[in-house]
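Structure below is data24.cif: mmCIF, C-alpha atoms.
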```
data_entry
#
loop_
_atom_site.label_atom_id
_atom_site.label_comp_id
_atom_site.auth_asym_id
_atom_site.auth_seq_id
_atom_site.Cartn_x
_atom_site.Cartn_y
_atom_site.Cartn_z
CA MET A 1 -44.97 20.55 -11.62
CA LYS A 2 -43.55 17.26 -10.30
CA LEU A 3 -42.49 16.26 -13.82
CA ILE A 4 -40.67 19.57 -14.28
CA ALA A 5 -38.99 19.21 -10.88
CA HIS A 6 -37.79 15.68 -11.66
CA ALA A 7 -36.47 16.84 -15.02
CA ALA A 8 -34.59 19.69 -13.36
CA VAL A 9 -33.00 17.31 -10.86
CA ALA A 10 -31.99 14.95 -13.67
CA LEU A 11 -30.44 17.81 -15.65
CA LEU A 12 -28.59 19.01 -12.57
CA ALA A 13 -27.23 15.52 -12.00
CA CYS A 14 -26.08 15.34 -15.61
CA GLY A 15 -24.41 18.70 -15.20
CA LEU A 16 -22.54 17.50 -12.13
CA VAL A 17 -21.32 14.45 -14.01
CA ALA A 18 -20.22 16.57 -16.97
CA GLN A 19 -18.32 19.05 -14.79
CA SER A 20 -16.50 16.49 -12.67
CA GLY A 21 -15.92 13.92 -15.40
CA LYS A 22 -17.29 11.13 -13.21
CA PRO A 23 -20.64 10.29 -11.62
CA PRO A 24 -21.21 11.43 -8.04
CA ALA A 25 -20.17 8.96 -5.36
CA SER A 26 -22.77 6.60 -3.93
CA PRO A 27 -24.05 7.45 -0.44
CA ALA A 28 -21.95 4.64 1.06
CA THR A 29 -18.79 5.74 -0.73
CA ALA A 30 -19.40 9.37 0.22
CA ALA A 31 -19.84 8.43 3.89
CA TYR A 32 -16.70 6.29 3.79
CA GLU A 33 -14.63 9.00 2.10
CA LYS A 34 -15.76 11.46 4.76
CA ILE A 35 -14.37 9.20 7.50
CA VAL A 36 -11.12 8.69 5.60
CA ALA A 37 -10.80 12.46 5.07
CA GLU A 38 -11.35 13.11 8.78
CA TRP A 39 -8.63 10.65 9.69
CA LYS A 40 -6.25 12.17 7.15
CA ALA A 41 -6.92 15.64 8.55
CA THR A 42 -6.21 14.31 12.05
CA THR A 43 -2.94 12.64 11.05
CA ASP A 44 -1.88 15.67 8.99
CA ALA A 45 -2.47 17.91 12.01
CA TYR A 46 -0.47 15.50 14.17
CA SER A 47 2.43 15.51 11.69
CA ALA A 48 2.39 19.31 11.59
CA ALA A 49 2.38 19.48 15.40
CA VAL A 50 5.31 17.04 15.63
CA LYS A 51 7.24 19.04 13.06
CA ALA A 52 6.61 22.27 14.95
CA LEU A 53 7.71 20.63 18.19
CA THR A 54 10.94 19.17 16.80
CA ASN A 55 11.80 22.54 15.22
CA SER A 56 11.28 24.42 18.48
CA ASP A 57 14.25 25.84 20.38
CA GLU A 58 13.15 24.06 23.54
CA TYR A 59 13.17 20.68 21.82
CA LYS A 60 16.52 21.32 20.13
CA LYS A 61 18.03 22.30 23.47
CA ALA A 62 16.73 19.10 25.08
CA ILE A 63 18.32 17.13 22.25
CA GLU A 64 21.60 18.99 22.68
CA ASP A 65 21.55 18.42 26.44
CA LYS A 66 20.52 14.77 25.98
CA ASP A 67 17.79 15.44 28.51
CA ARG A 68 15.44 12.45 28.13
CA ASP A 69 13.02 13.65 30.79
CA ALA A 70 12.59 16.98 29.03
CA LEU A 71 12.18 15.26 25.67
CA ASN A 72 9.54 12.88 27.00
CA LYS A 73 7.68 15.77 28.60
CA LEU A 74 7.73 17.74 25.36
CA ARG A 75 6.62 14.74 23.30
CA SER A 76 3.71 14.16 25.65
CA THR A 77 2.29 17.53 24.60
CA VAL A 78 1.57 16.08 21.15
CA PRO A 79 -0.43 12.87 21.76
CA MET A 80 -0.74 10.25 19.05
CA PRO A 81 -4.05 10.31 17.15
CA ASP A 82 -6.60 7.78 18.37
CA ALA A 83 -8.39 6.00 15.55
CA LYS A 84 -10.78 4.11 17.82
CA PRO A 85 -13.62 6.70 17.76
CA LEU A 86 -13.61 6.73 13.94
CA ALA A 87 -13.39 2.94 13.85
CA GLU A 88 -16.45 2.74 16.10
CA ARG A 89 -18.24 5.19 13.83
CA CYS A 90 -17.38 2.91 10.90
CA LEU A 91 -19.24 0.07 12.63
CA GLU A 92 -22.23 2.33 13.27
CA THR A 93 -22.23 3.70 9.72
CA ALA A 94 -21.95 0.22 8.18
CA ALA A 95 -25.24 -0.71 9.84
CA THR A 96 -27.02 2.03 7.87
CA PHE A 97 -26.18 0.40 4.53
CA ASP A 98 -26.91 -2.93 2.90
CA GLY A 99 -24.86 -5.69 1.30
CA ASP A 100 -21.25 -5.22 0.31
CA ASP A 101 -21.49 -1.45 0.81
CA ARG A 102 -20.69 -2.31 4.42
CA VAL A 103 -17.36 -3.98 3.67
CA GLN A 104 -15.31 -0.78 3.29
CA PHE A 105 -16.41 0.41 6.76
CA TYR A 106 -15.66 -2.91 8.42
CA ALA A 107 -12.30 -3.03 6.64
CA TRP A 108 -11.29 0.40 7.96
CA ALA A 109 -12.36 -0.50 11.49
CA LEU A 110 -10.50 -3.80 11.27
CA GLN A 111 -7.27 -2.23 10.06
CA ASN A 112 -7.28 0.90 12.23
CA GLY A 113 -9.36 0.27 15.32
CA ALA A 114 -8.43 -1.05 18.74
CA LYS A 115 -8.46 -4.83 19.17
CA ASP A 116 -12.04 -4.98 20.49
CA VAL A 117 -13.37 -2.88 17.59
CA ALA A 118 -11.30 -4.87 15.08
CA ALA A 119 -12.75 -8.11 16.46
CA LYS A 120 -16.30 -6.85 15.97
CA ALA A 121 -15.51 -5.80 12.40
CA ALA A 122 -13.94 -9.19 11.66
CA GLU A 123 -16.96 -10.99 13.09
CA SER A 124 -19.31 -8.99 10.85
CA LEU A 125 -17.18 -9.61 7.77
CA LEU A 126 -17.13 -13.37 8.33
CA ALA A 127 -20.82 -13.53 9.17
CA ASP A 128 -22.15 -11.59 6.19
CA HIS A 129 -19.37 -10.97 3.65
CA VAL A 130 -16.98 -13.93 3.73
CA LYS A 131 -17.55 -14.54 -0.01
CA SER A 132 -17.37 -10.88 -1.05
CA PRO A 133 -14.91 -9.85 -3.79
CA LYS A 134 -14.38 -6.64 -1.81
CA LEU A 135 -12.40 -8.54 0.79
CA LEU A 136 -9.32 -8.12 -1.38
CA SER A 137 -8.57 -4.75 0.25
CA VAL A 138 -8.74 -6.48 3.64
CA VAL A 139 -6.49 -9.46 2.96
CA GLU A 140 -3.90 -7.48 0.98
CA SER A 141 -2.72 -5.84 4.21
CA GLY A 142 -2.47 -9.10 6.08
CA SER A 143 0.37 -8.04 8.38
CA MET A 144 -1.76 -5.14 9.64
CA LEU A 145 -4.71 -7.48 10.04
CA LEU A 146 -2.67 -9.94 12.11
CA ARG A 147 -1.52 -7.07 14.29
CA SER A 148 -5.10 -5.83 14.80
CA LEU A 149 -6.60 -9.23 15.65
CA GLY A 150 -3.54 -10.89 17.14
CA GLN A 151 -1.86 -13.92 15.62
CA GLU A 152 -4.48 -16.44 16.70
CA GLY A 153 -7.50 -14.31 15.79
CA GLY A 154 -5.95 -13.13 12.54
CA GLN A 155 -5.07 -16.62 11.41
CA ALA A 156 -8.56 -17.91 12.18
CA PHE A 157 -10.03 -14.98 10.24
CA LEU A 158 -7.84 -15.62 7.21
CA ALA A 159 -8.40 -19.38 7.34
CA LYS A 160 -12.16 -18.86 7.10
CA ILE A 161 -11.73 -16.59 4.08
CA ALA A 162 -9.30 -19.01 2.41
CA GLU A 163 -11.86 -21.78 2.86
CA GLU A 164 -15.00 -19.98 1.69
CA ASN A 165 -14.16 -17.07 -0.61
CA PRO A 166 -14.44 -18.05 -4.30
CA ASN A 167 -11.95 -15.42 -5.54
CA ALA A 168 -8.53 -16.98 -6.23
CA GLU A 169 -6.51 -13.85 -5.44
CA ILE A 170 -8.31 -13.30 -2.14
CA ARG A 171 -7.77 -16.92 -1.15
CA ALA A 172 -4.12 -16.61 -2.15
CA TYR A 173 -3.56 -13.67 0.20
CA ALA A 174 -5.46 -15.42 2.98
CA LEU A 175 -3.15 -18.43 2.65
CA PHE A 176 0.01 -16.40 2.13
CA TRP A 177 0.12 -14.12 5.18
CA PRO A 178 0.03 -16.70 7.99
CA ALA A 179 2.48 -18.89 6.07
CA TYR A 180 4.80 -15.96 5.40
CA MET A 181 4.82 -14.97 9.07
CA ALA A 182 5.51 -18.59 10.05
CA SER A 183 8.39 -18.82 7.57
CA ARG A 184 10.01 -15.80 9.25
CA ASP A 185 9.60 -17.15 12.77
CA LYS A 186 13.08 -17.99 14.05
CA ASN A 187 11.61 -20.34 16.64
CA ALA A 188 9.51 -22.33 14.15
CA SER A 189 10.33 -26.02 13.75
CA ASP A 190 11.53 -27.48 10.47
CA GLU A 191 8.12 -29.14 10.06
CA ALA A 192 6.35 -25.81 10.57
CA LYS A 193 8.57 -24.13 8.03
CA GLU A 194 7.97 -26.92 5.52
CA ALA A 195 4.21 -26.55 6.02
CA ALA A 196 4.53 -22.79 5.56
CA ALA A 197 6.50 -23.26 2.34
CA ALA A 198 3.76 -25.58 1.02
CA LYS A 199 1.08 -22.98 1.80
CA ILE A 200 3.10 -20.26 0.09
CA ALA A 201 3.46 -22.48 -2.98
CA GLU A 202 -0.31 -23.03 -2.98
CA ALA A 203 -0.86 -19.28 -2.67
CA ARG A 204 1.54 -18.71 -5.60
CA THR A 205 -0.52 -20.99 -7.82
CA LEU A 206 -3.73 -19.16 -6.92
CA ALA A 207 -2.09 -15.76 -7.36
CA GLU A 208 -0.86 -16.30 -10.92
CA GLY A 209 -0.73 -12.98 -12.79
CA THR A 210 -1.07 -10.78 -9.70
CA MET A 211 1.27 -8.61 -7.64
CA LEU A 212 1.23 -11.25 -4.93
CA ALA A 213 2.72 -13.77 -7.37
CA ASP A 214 5.52 -11.30 -8.11
CA ARG A 215 6.11 -10.85 -4.38
CA ILE A 216 6.32 -14.59 -3.81
CA ASP A 217 8.66 -14.98 -6.78
CA ALA A 218 10.92 -12.09 -5.72
CA PRO A 219 13.31 -14.02 -3.40
CA LYS A 220 13.97 -16.65 -6.05
CA PHE A 221 14.46 -13.95 -8.69
CA ILE A 222 16.94 -12.14 -6.45
CA GLU A 223 18.82 -15.37 -5.76
CA GLU A 224 19.01 -16.37 -9.42
CA ARG A 225 19.36 -13.00 -11.17
CA LEU A 226 20.53 -10.28 -8.79
CA GLN A 227 23.67 -11.59 -7.14
CA ILE A 228 26.98 -9.70 -7.30
CA GLY A 229 28.80 -10.48 -10.54
CA MET A 230 25.66 -11.52 -12.44
CA GLU A 231 24.50 -9.70 -15.55
CA ALA A 232 21.73 -7.29 -14.58
CA PRO A 233 18.29 -8.00 -16.06
CA ASP A 234 17.53 -5.59 -18.88
CA ILE A 235 15.20 -2.73 -18.00
CA VAL A 236 13.14 -1.00 -20.69
CA GLY A 237 11.47 2.35 -20.17
CA GLU A 238 11.12 5.95 -21.29
CA ASP A 239 13.03 9.00 -20.15
CA VAL A 240 11.39 12.28 -19.03
CA ASP A 241 10.98 13.29 -22.68
CA GLY A 242 9.25 10.05 -23.63
CA VAL A 243 12.27 8.68 -25.49
CA PRO A 244 12.56 4.89 -25.07
CA PHE A 245 15.77 3.43 -23.67
CA LYS A 246 17.16 0.17 -22.29
CA LEU A 247 19.63 -0.48 -19.53
CA SER A 248 21.67 -2.54 -21.98
CA ASP A 249 22.24 0.62 -24.04
CA TYR A 250 24.65 1.69 -21.30
CA ARG A 251 26.65 -1.51 -21.13
CA GLY A 252 30.28 -0.79 -20.24
CA LYS A 253 29.44 2.47 -18.46
CA VAL A 254 28.92 3.22 -14.80
CA VAL A 255 25.16 3.37 -14.19
CA VAL A 256 23.29 4.40 -11.05
CA ILE A 257 19.70 3.11 -10.93
CA ASP A 258 17.30 4.94 -8.63
CA PHE A 259 14.01 3.13 -8.02
CA TRP A 260 11.31 5.36 -6.56
CA GLY A 261 7.58 5.90 -6.59
CA PHE A 262 4.61 7.57 -4.95
CA TRP A 263 2.64 5.96 -2.11
#
```
Spit out the file's structure as structure tokens when you get a sec.
Amino acid sequence: MKLIAHAAVALLACGLVAQSGKPPASPATAAYEKIVAEWKATTDAYSAAVKALTNSDEYKKAIEDKDRDALNKLRSTVPMPDAKPLAERCLETAATFDGDDRVQFYAWALQNGAKDVAAKAAESLLADHVKSPKLLSVVESGSMLLRSLGQEGGQAFLAKIAEENPNAEIRAYALFWPAYMASRDKNASDEAKEAAAAKIAEARTLAEGTMLADRIDAPKFIEERLQIGMEAPDIVGEDVDGVPFKLSDYRGKVVVIDFWGFW
């Protein structure tokens, strides 16, 4: 009977794979996706509530009357979602799994939780996962990370990853973000800006062939190729019917280029 039962379970699993076109998610991924889905539902509900509020006659009248007190009172009826409880659950859920399955939970807590929760997530990542290839999703959003941990904590976190992670792209991001923020600091000294430029150059070398390399190269490309009066770089693509075309095909004509995408 046990053999028949195991066979039935195996066949059922195969059937699930065949119907969905992909294998079922691992327990860790399923638990993570549940948390993400809950947060999306929360933020969607918040967006809907804000839309309903701003479309209400009472809100429109407050706008018309320029009544700030009334507007603030109305806005207070739709509080911002608080991610901290879900971030804390991420920490608790991570403890129920092993190895790099924990990284996605710590990453979410780090990027979305309050500062104290983010600090705990960062500590766990550095203690047990500093060499993980899954840290890419963490360091890619470096500006969010620096906001969660604060400048000092974020820079120390990234410096540890840049020093110990063997993945070139991860190290590149870890070097890039603090240097990028320093390069944009209006109060930074010339020496600090020179040091930041050197770090960005080092990150560019490590990031060869990645989107980060393109990002680092973008200012120079704009300066050298996209100034007023310069010939526009040729763009090759396909129209909605799949017919190939090039921007140069329209030379001498007025052309409006609309860059857009889905995020």
Pull out every residue that the PyMOL selection byres ((chain A and resi 36-42) around 12) matches in the shown coordinates and put them as an mmCIF file with C-alpha atoms, keeping the file's coordinate frame.
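Saved as selection.cif:
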```cif
data_model
loop_
_atom_site.group_PDB
_atom_site.id
_atom_site.type_symbol
_atom_site.label_atom_id
_atom_site.label_comp_id
_atom_site.auth_asym_id
_atom_site.auth_seq_id
_atom_site.Cartn_x
_atom_site.Cartn_y
_atom_site.Cartn_z
ATOM 1 C CA THR A 29 -18.790 5.740 -0.730
ATOM 2 C CA ALA A 30 -19.400 9.370 0.220
ATOM 3 C CA ALA A 31 -19.840 8.430 3.890
ATOM 4 C CA TYR A 32 -16.700 6.290 3.790
ATOM 5 C CA GLU A 33 -14.630 9.000 2.100
ATOM 6 C CA LYS A 34 -15.760 11.460 4.760
ATOM 7 C CA ILE A 35 -14.370 9.200 7.500
ATOM 8 C CA THR A 43 -2.940 12.640 11.050
ATOM 9 C CA ASP A 44 -1.880 15.670 8.990
ATOM 10 C CA ALA A 45 -2.470 17.910 12.010
ATOM 11 C CA TYR A 46 -0.470 15.500 14.170
ATOM 12 C CA SER A 47 2.430 15.510 11.690
ATOM 13 C CA ALA A 48 2.390 19.310 11.590
ATOM 14 C CA ALA A 49 2.380 19.480 15.400
ATOM 15 C CA PRO A 79 -0.430 12.870 21.760
ATOM 16 C CA MET A 80 -0.740 10.250 19.050
ATOM 17 C CA PRO A 81 -4.050 10.310 17.150
ATOM 18 C CA ASP A 82 -6.600 7.780 18.370
ATOM 19 C CA ALA A 83 -8.390 6.000 15.550
ATOM 20 C CA LYS A 84 -10.780 4.110 17.820
ATOM 21 C CA PRO A 85 -13.620 6.700 17.760
ATOM 22 C CA LEU A 86 -13.610 6.730 13.940
ATOM 23 C CA ALA A 87 -13.390 2.940 13.850
ATOM 24 C CA ARG A 89 -18.240 5.190 13.830
ATOM 25 C CA CYS A 90 -17.380 2.910 10.900
ATOM 26 C CA GLN A 104 -15.310 -0.780 3.290
ATOM 27 C CA PHE A 105 -16.410 0.410 6.760
ATOM 28 C CA ALA A 107 -12.300 -3.030 6.640
ATOM 29 C CA TRP A 108 -11.290 0.400 7.960
ATOM 30 C CA ALA A 109 -12.360 -0.500 11.490
ATOM 31 C CA ASN A 112 -7.280 0.900 12.230
ATOM 32 C CA GLY A 113 -9.360 0.270 15.320
#
```
May I have the residues within 12 Å of segment 196-202 of chain A as a PyMOL selection string, using all atoms listed in the file and disregarding those fewer than 3 positions away in the same chain? chain A and resi 159+162+168-169+171-185+188-193+205-208+212-213+215-217
Using all atoms listed in the file, give me every residue within 8 Å of (-14.5, -14.1, 9.3) in file coordinates, as a PyMOL selection string. chain A and resi 122-127+130+156-158+160-161
Give me, please, the distance in Å between atom CA of Asn165 of chain A and atom CA of Lys220 of chain A, quoted to one decimal. 28.7 Å
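The gap separating atom CA of Pro27 of chain A from atom CA of Asp98 of chain A is 11.3 Å, in Å to one decimal.
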Taking the file as I've supplied it (selection: the PyMOL selection byres ((chain A and resi 234) around 8)), which residues are included? Please answer as an MDAnalysis selection string. chainID A and resid 232:233 235:236 246:248
Let's have the selection written as a short mmCIF file (atom, residue, chain, number, x, y, z; two decimals), in the frame of the given file, with C-alpha atoms.
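Saved file out-v6.cif follows:
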```
data_model
loop_
_atom_site.label_atom_id
_atom_site.label_comp_id
_atom_site.auth_asym_id
_atom_site.auth_seq_id
_atom_site.Cartn_x
_atom_site.Cartn_y
_atom_site.Cartn_z
CA ALA A 232 21.73 -7.29 -14.58
CA PRO A 233 18.29 -8.00 -16.06
CA ILE A 235 15.20 -2.73 -18.00
CA VAL A 236 13.14 -1.00 -20.69
CA LYS A 246 17.16 0.17 -22.29
CA LEU A 247 19.63 -0.48 -19.53
CA SER A 248 21.67 -2.54 -21.98
#
```
Residue members of the PyMOL selection byres ((chain A and resi 133) around 9) in the file shown, as a ChimeraX atom specification: /A:100,129-132,134-136,165-167,170
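With all atoms listed in the file as the atoms that count, the residue of A:Leu146, A:Val138, A:Leu53, A:Ala121 with the shortest distance to Glu92 of chain A is A:Ala121.
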Completion of segment 118-151 of chain A up to N, CA and C atoms, as a PDB file, in the coordinates of the input:
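Now in rebuild_13.pdb:
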```pdb
ATOM      1  N   ALA A 118     -11.736  -4.039  16.207  1.00  0.00           N
ATOM      2  CA  ALA A 118     -11.300  -4.870  15.080  1.00  0.00           C
ATOM      3  C   ALA A 118     -11.974  -6.241  15.127  1.00  0.00           C
ATOM      4  N   ALA A 119     -12.112  -6.798  16.316  1.00  0.00           N
ATOM      5  CA  ALA A 119     -12.750  -8.110  16.460  1.00  0.00           C
ATOM      6  C   ALA A 119     -14.211  -8.065  16.034  1.00  0.00           C
ATOM      7  N   LYS A 120     -14.905  -6.995  16.382  1.00  0.00           N
ATOM      8  CA  LYS A 120     -16.300  -6.850  15.970  1.00  0.00           C
ATOM      9  C   LYS A 120     -16.413  -6.724  14.453  1.00  0.00           C
ATOM     10  N   ALA A 121     -15.503  -5.958  13.854  1.00  0.00           N
ATOM     11  CA  ALA A 121     -15.510  -5.800  12.400  1.00  0.00           C
ATOM     12  C   ALA A 121     -15.239  -7.131  11.712  1.00  0.00           C
ATOM     13  N   ALA A 122     -14.267  -7.880  12.236  1.00  0.00           N
ATOM     14  CA  ALA A 122     -13.940  -9.190  11.660  1.00  0.00           C
ATOM     15  C   ALA A 122     -15.118 -10.141  11.762  1.00  0.00           C
ATOM     16  N   GLU A 123     -15.793 -10.124  12.894  1.00  0.00           N
ATOM     17  CA  GLU A 123     -16.960 -10.990  13.090  1.00  0.00           C
ATOM     18  C   GLU A 123     -18.055 -10.676  12.073  1.00  0.00           C
ATOM     19  N   SER A 124     -18.288  -9.391  11.819  1.00  0.00           N
ATOM     20  CA  SER A 124     -19.310  -8.990  10.850  1.00  0.00           C
ATOM     21  C   SER A 124     -18.918  -9.391   9.432  1.00  0.00           C
ATOM     22  N   LEU A 125     -17.645  -9.239   9.108  1.00  0.00           N
ATOM     23  CA  LEU A 125     -17.180  -9.610   7.770  1.00  0.00           C
ATOM     24  C   LEU A 125     -17.356 -11.107   7.529  1.00  0.00           C
ATOM     25  N   LEU A 126     -17.005 -11.923   8.499  1.00  0.00           N
ATOM     26  CA  LEU A 126     -17.130 -13.370   8.330  1.00  0.00           C
ATOM     27  C   LEU A 126     -18.586 -13.817   8.318  1.00  0.00           C
ATOM     28  N   ALA A 127     -19.418 -13.132   9.085  1.00  0.00           N
ATOM     29  CA  ALA A 127     -20.820 -13.530   9.170  1.00  0.00           C
ATOM     30  C   ALA A 127     -21.593 -13.216   7.901  1.00  0.00           C
ATOM     31  N   ASP A 128     -21.310 -12.065   7.294  1.00  0.00           N
ATOM     32  CA  ASP A 128     -22.150 -11.590   6.190  1.00  0.00           C
ATOM     33  C   ASP A 128     -21.427 -11.360   4.867  1.00  0.00           C
ATOM     34  N   HIS A 129     -20.082 -11.366   4.868  1.00  0.00           N
ATOM     35  CA  HIS A 129     -19.370 -10.970   3.650  1.00  0.00           C
ATOM     36  C   HIS A 129     -18.174 -11.874   3.347  1.00  0.00           C
ATOM     37  N   VAL A 130     -18.149 -13.081   3.888  1.00  0.00           N
ATOM     38  CA  VAL A 130     -16.980 -13.930   3.730  1.00  0.00           C
ATOM     39  C   VAL A 130     -16.706 -14.271   2.274  1.00  0.00           C
ATOM     40  N   LYS A 131     -17.731 -14.212   1.412  1.00  0.00           N
ATOM     41  CA  LYS A 131     -17.550 -14.540  -0.010  1.00  0.00           C
ATOM     42  C   LYS A 131     -17.454 -13.290  -0.890  1.00  0.00           C
ATOM     43  N   SER A 132     -17.365 -12.129  -0.283  1.00  0.00           N
ATOM     44  CA  SER A 132     -17.370 -10.880  -1.050  1.00  0.00           C
ATOM     45  C   SER A 132     -16.053 -10.655  -1.793  1.00  0.00           C
ATOM     46  N   PRO A 133     -16.135 -10.194  -3.054  1.00  0.00           N
ATOM     47  CA  PRO A 133     -14.910  -9.850  -3.790  1.00  0.00           C
ATOM     48  C   PRO A 133     -14.234  -8.608  -3.209  1.00  0.00           C
ATOM     49  N   LYS A 134     -14.954  -7.847  -2.400  1.00  0.00           N
ATOM     50  CA  LYS A 134     -14.380  -6.640  -1.810  1.00  0.00           C
ATOM     51  C   LYS A 134     -13.448  -6.932  -0.636  1.00  0.00           C
ATOM     52  N   LEU A 135     -13.321  -8.185  -0.279  1.00  0.00           N
ATOM     53  CA  LEU A 135     -12.400  -8.540   0.790  1.00  0.00           C
ATOM     54  C   LEU A 135     -10.941  -8.448   0.364  1.00  0.00           C
ATOM     55  N   LEU A 136     -10.695  -8.222  -0.908  1.00  0.00           N
ATOM     56  CA  LEU A 136      -9.320  -8.120  -1.380  1.00  0.00           C
ATOM     57  C   LEU A 136      -8.571  -7.012  -0.642  1.00  0.00           C
ATOM     58  N   SER A 137      -9.229  -5.864  -0.443  1.00  0.00           N
ATOM     59  CA  SER A 137      -8.570  -4.750   0.250  1.00  0.00           C
ATOM     60  C   SER A 137      -8.258  -5.091   1.698  1.00  0.00           C
ATOM     61  N   VAL A 138      -8.979  -6.062   2.254  1.00  0.00           N
ATOM     62  CA  VAL A 138      -8.740  -6.480   3.640  1.00  0.00           C
ATOM     63  C   VAL A 138      -7.550  -7.423   3.715  1.00  0.00           C
ATOM     64  N   VAL A 139      -7.529  -8.440   2.865  1.00  0.00           N
ATOM     65  CA  VAL A 139      -6.490  -9.460   2.960  1.00  0.00           C
ATOM     66  C   VAL A 139      -5.158  -8.999   2.369  1.00  0.00           C
ATOM     67  N   GLU A 140      -5.160  -7.980   1.525  1.00  0.00           N
ATOM     68  CA  GLU A 140      -3.900  -7.480   0.980  1.00  0.00           C
ATOM     69  C   GLU A 140      -2.973  -6.999   2.082  1.00  0.00           C
ATOM     70  N   SER A 141      -3.534  -6.342   3.092  1.00  0.00           N
ATOM     71  CA  SER A 141      -2.720  -5.840   4.210  1.00  0.00           C
ATOM     72  C   SER A 141      -2.783  -6.821   5.369  1.00  0.00           C
ATOM     73  N   GLY A 142      -2.360  -8.038   5.089  1.00  0.00           N
ATOM     74  CA  GLY A 142      -2.470  -9.100   6.080  1.00  0.00           C
ATOM     75  C   GLY A 142      -1.641  -8.877   7.324  1.00  0.00           C
ATOM     76  N   SER A 143      -0.462  -8.264   7.199  1.00  0.00           N
ATOM     77  CA  SER A 143       0.370  -8.040   8.380  1.00  0.00           C
ATOM     78  C   SER A 143      -0.322  -7.083   9.346  1.00  0.00           C
ATOM     79  N   MET A 144      -1.009  -6.069   8.800  1.00  0.00           N
ATOM     80  CA  MET A 144      -1.760  -5.140   9.640  1.00  0.00           C
ATOM     81  C   MET A 144      -2.939  -5.849  10.290  1.00  0.00           C
ATOM     82  N   LEU A 145      -3.562  -6.728   9.537  1.00  0.00           N
ATOM     83  CA  LEU A 145      -4.710  -7.480  10.040  1.00  0.00           C
ATOM     84  C   LEU A 145      -4.295  -8.387  11.198  1.00  0.00           C
ATOM     85  N   LEU A 146      -3.161  -9.060  11.054  1.00  0.00           N
ATOM     86  CA  LEU A 146      -2.670  -9.940  12.110  1.00  0.00           C
ATOM     87  C   LEU A 146      -2.301  -9.150  13.357  1.00  0.00           C
ATOM     88  N   ARG A 147      -1.843  -7.917  13.145  1.00  0.00           N
ATOM     89  CA  ARG A 147      -1.520  -7.070  14.290  1.00  0.00           C
ATOM     90  C   ARG A 147      -2.800  -6.614  15.000  1.00  0.00           C
ATOM     91  N   SER A 148      -3.841  -6.306  14.226  1.00  0.00           N
ATOM     92  CA  SER A 148      -5.100  -5.830  14.800  1.00  0.00           C
ATOM     93  C   SER A 148      -5.817  -6.920  15.586  1.00  0.00           C
ATOM     94  N   LEU A 149      -5.834  -8.137  15.044  1.00  0.00           N
ATOM     95  CA  LEU A 149      -6.600  -9.230  15.650  1.00  0.00           C
ATOM     96  C   LEU A 149      -5.744 -10.138  16.523  1.00  0.00           C
ATOM     97  N   GLY A 150      -4.427  -9.947  16.457  1.00  0.00           N
ATOM     98  CA  GLY A 150      -3.540 -10.890  17.140  1.00  0.00           C
ATOM     99  C   GLY A 150      -3.297 -12.089  16.242  1.00  0.00           C
ATOM    100  N   GLN A 151      -2.225 -12.801  16.490  1.00  0.00           N
ATOM    101  CA  GLN A 151      -1.860 -13.920  15.620  1.00  0.00           C
ATOM    102  C   GLN A 151      -2.954 -14.987  15.553  1.00  0.00           C
TER     103      GLN A 151
END
```
